[in-house]
Amino acid sequence: MATNRTFTMIKPDAVENGHIGGILNMIAEGGFKIVSLKLTQLTLADAKAFYAVHATRPFYGELVEFMSRGPIVAAILEKENAIEDFRTLIGATNPADAVEGTIRKKYATSIGENAVHGSDSDANAAVEGAFHFAGREQF
Ligand code: CDP
Ligand code: MG
């Protein structure tokens with residue numbers, strides 16, 4: 001059975017470009033309830049730990065520099081079938097491949113600076129949510 005929580009970040013590019021409100025609005029319009037929410041910033045060490053699964057990929061260094069360069073919005077979201085539905089809402093990793101109406105189509109500027117993160121599995125959503133939020137911050 002599909003579980004109902006996912007984890008997202010509005011990435012530094014989208015925060016810098018003033019898109020927090022626009023992206024949160026698309027998330028709300030998509031039927032997601034906000035369980036946790038904050039403006040925060042990853043240290044380089046935080047970003048390396050968060051993206052450890054990509055440590056051997058050629059883009060890892062650039063990714064962790066980017067993700068720690070400015071504030072992000074972190075959030076836990078709830079909806080039936082949250083993981084899959086949120087991946088549909090954000091669109092493809094590369095905005096050139098993202099379909100019309102998706103967050104990345106509207107707000108991403110490149111495959112690296114692609115505006116938002118979305119968890120890829122229930123297990124990762126739980127780990128990523130716990131990385132940012134204590135139990136008492138999850139509503
Ligand atoms: O974020 P998503 O799950 O769609 O993609 P990923 O394959 O898990 O990669 C994580 C992040 O690394 C992406 O969102 C991009 O910011 C970055 N990335 C990149 O810079 N260059 C790539 N070729 C692939 C990913
Ligand atoms: Mg991913």
# chains A, B, ... in the order shown; residues from 1 in each chain; ligands from 1
>>> residues_near_ligand(ligand="ligand 2", cutoff="9 Å", atoms="only C-alpha atoms and all ligand atoms", output="PyMOL selection string")
chain A and resi 51+54+93+117-120
>>> write_last_selection(atoms="N, CA, C and O atoms", output="mmCIF file, in the first residue's frame")
data_model
loop_
_atom_site.group_PDB
_atom_site.id
_atom_site.type_symbol
_atom_site.label_atom_id
_atom_site.label_comp_id
_atom_site.auth_asym_id
_atom_site.auth_seq_id
_atom_site.Cartn_x
_atom_site.Cartn_y
_atom_site.Cartn_z
ATOM 1 N N TYR A 51 23.007 14.106 0.500
ATOM 2 C CA TYR A 51 23.136 13.545 -0.851
ATOM 3 C C TYR A 51 24.201 12.448 -0.925
ATOM 4 O O TYR A 51 24.715 12.167 -2.011
ATOM 5 N N HIS A 54 24.567 9.986 -3.709
ATOM 6 C CA HIS A 54 25.108 10.404 -5.003
ATOM 7 C C HIS A 54 26.626 10.661 -4.953
ATOM 8 O O HIS A 54 27.180 11.232 -5.891
ATOM 9 N N THR A 93 13.853 15.607 -13.746
ATOM 10 C CA THR A 93 15.054 16.215 -13.161
ATOM 11 C C THR A 93 15.567 17.350 -14.042
ATOM 12 O O THR A 93 15.914 18.425 -13.538
ATOM 13 N N HIS A 117 13.381 19.590 -4.609
ATOM 14 C CA HIS A 117 13.696 18.180 -4.349
ATOM 15 C C HIS A 117 12.398 17.444 -4.056
ATOM 16 O O HIS A 117 11.481 18.015 -3.463
ATOM 17 N N GLY A 118 12.339 16.192 -4.431
ATOM 18 C CA GLY A 118 11.231 15.325 -4.018
ATOM 19 C C GLY A 118 11.773 13.939 -3.724
ATOM 20 O O GLY A 118 12.553 13.397 -4.514
ATOM 21 N N SER A 119 11.372 13.359 -2.599
ATOM 22 C CA SER A 119 11.858 12.022 -2.222
ATOM 23 C C SER A 119 11.464 10.989 -3.277
ATOM 24 O O SER A 119 10.439 11.129 -3.945
ATOM 25 N N ASP A 120 12.286 9.936 -3.389
ATOM 26 C CA ASP A 120 12.014 8.916 -4.406
ATOM 27 C C ASP A 120 11.447 7.617 -3.838
ATOM 28 O O ASP A 120 11.163 6.687 -4.595
#
>>> residues_near_ligand(ligand="ligand 1", cutoff="9 Å", atoms="only C-alpha atoms and all ligand atoms", output="CSV table (one decimal) with C-alpha atoms, in the first residue's frame")
chain,number,residue,atom,x,y,z
A,11,LYS,CA,16.3,24.7,-3.5
A,51,TYR,CA,23.1,13.5,-0.9
A,53,VAL,CA,23.7,8.4,-2.1
A,54,HIS,CA,25.1,10.4,-5.0
A,57,ARG,CA,28.3,10.6,-9.3
A,58,PRO,CA,30.2,13.2,-11.3
A,59,PHE,CA,27.8,16.0,-10.4
A,60,TYR,CA,28.2,15.5,-6.6
A,62,GLU,CA,28.7,20.8,-7.8
A,63,LEU,CA,25.4,19.6,-6.2
A,64,VAL,CA,26.6,19.9,-2.6
A,66,PHE,CA,24.9,24.5,-4.8
A,67,MET,CA,22.6,23.1,-2.1
A,87,ARG,CA,7.3,13.4,-8.4
A,90,ILE,CA,7.7,18.4,-9.8
A,91,GLY,CA,8.4,17.0,-13.2
A,92,ALA,CA,11.6,15.5,-14.7
A,93,THR,CA,15.1,16.2,-13.2
A,94,ASN,CA,16.1,18.1,-16.3
A,110,SER,CA,19.0,23.8,-15.4
A,111,ILE,CA,19.4,20.1,-14.6
A,112,GLY,CA,21.5,21.0,-11.5
A,113,GLU,CA,19.5,24.1,-10.4
A,114,ASN,CA,16.1,22.6,-10.7
A,115,ALA,CA,14.1,24.4,-8.0
A,116,VAL,CA,12.9,21.5,-5.9
A,117,HIS,CA,13.7,18.2,-4.3
A,118,GLY,CA,11.2,15.3,-4.0
A,119,SER,CA,11.9,12.0,-2.2
A,120,ASP,CA,12.0,8.9,-4.4
>>> residues_around(residues="Leu24 of chain A", least_positions_apart="6", cutoff="10 Å", atoms="only C-alpha atoms", output="PyMOL selection string")
chain A and resi 10+30+32+34+73+75+103
>>> closest_residue(among="A:Arg104, A:Glu29, A:Pro71, A:Val15", to="Leu42 of chain A", atoms="only C-alpha atoms")
A:Pro71
>>> select_by_dssp(residues="chain A", states="helix (DSSP H, G or I)", output="PyMOL selection string")
chain A and resi 12-16+20-29+44-50+52-54+60-67+82-90+95-97+103-107+122-132+135-137
>>> atom_distance(atom1="atom CA of Ala47 of chain A", atom2="atom CA of Lys33 of chain A")
25.6 Å
>>> residues_around(residues="Phe133 of chain A", least_positions_apart="2", cutoff="12 Å", atoms="only C-alpha atoms", output="ChimeraX atom specification")
/A:7,35-40,74-76,125-131,135-139
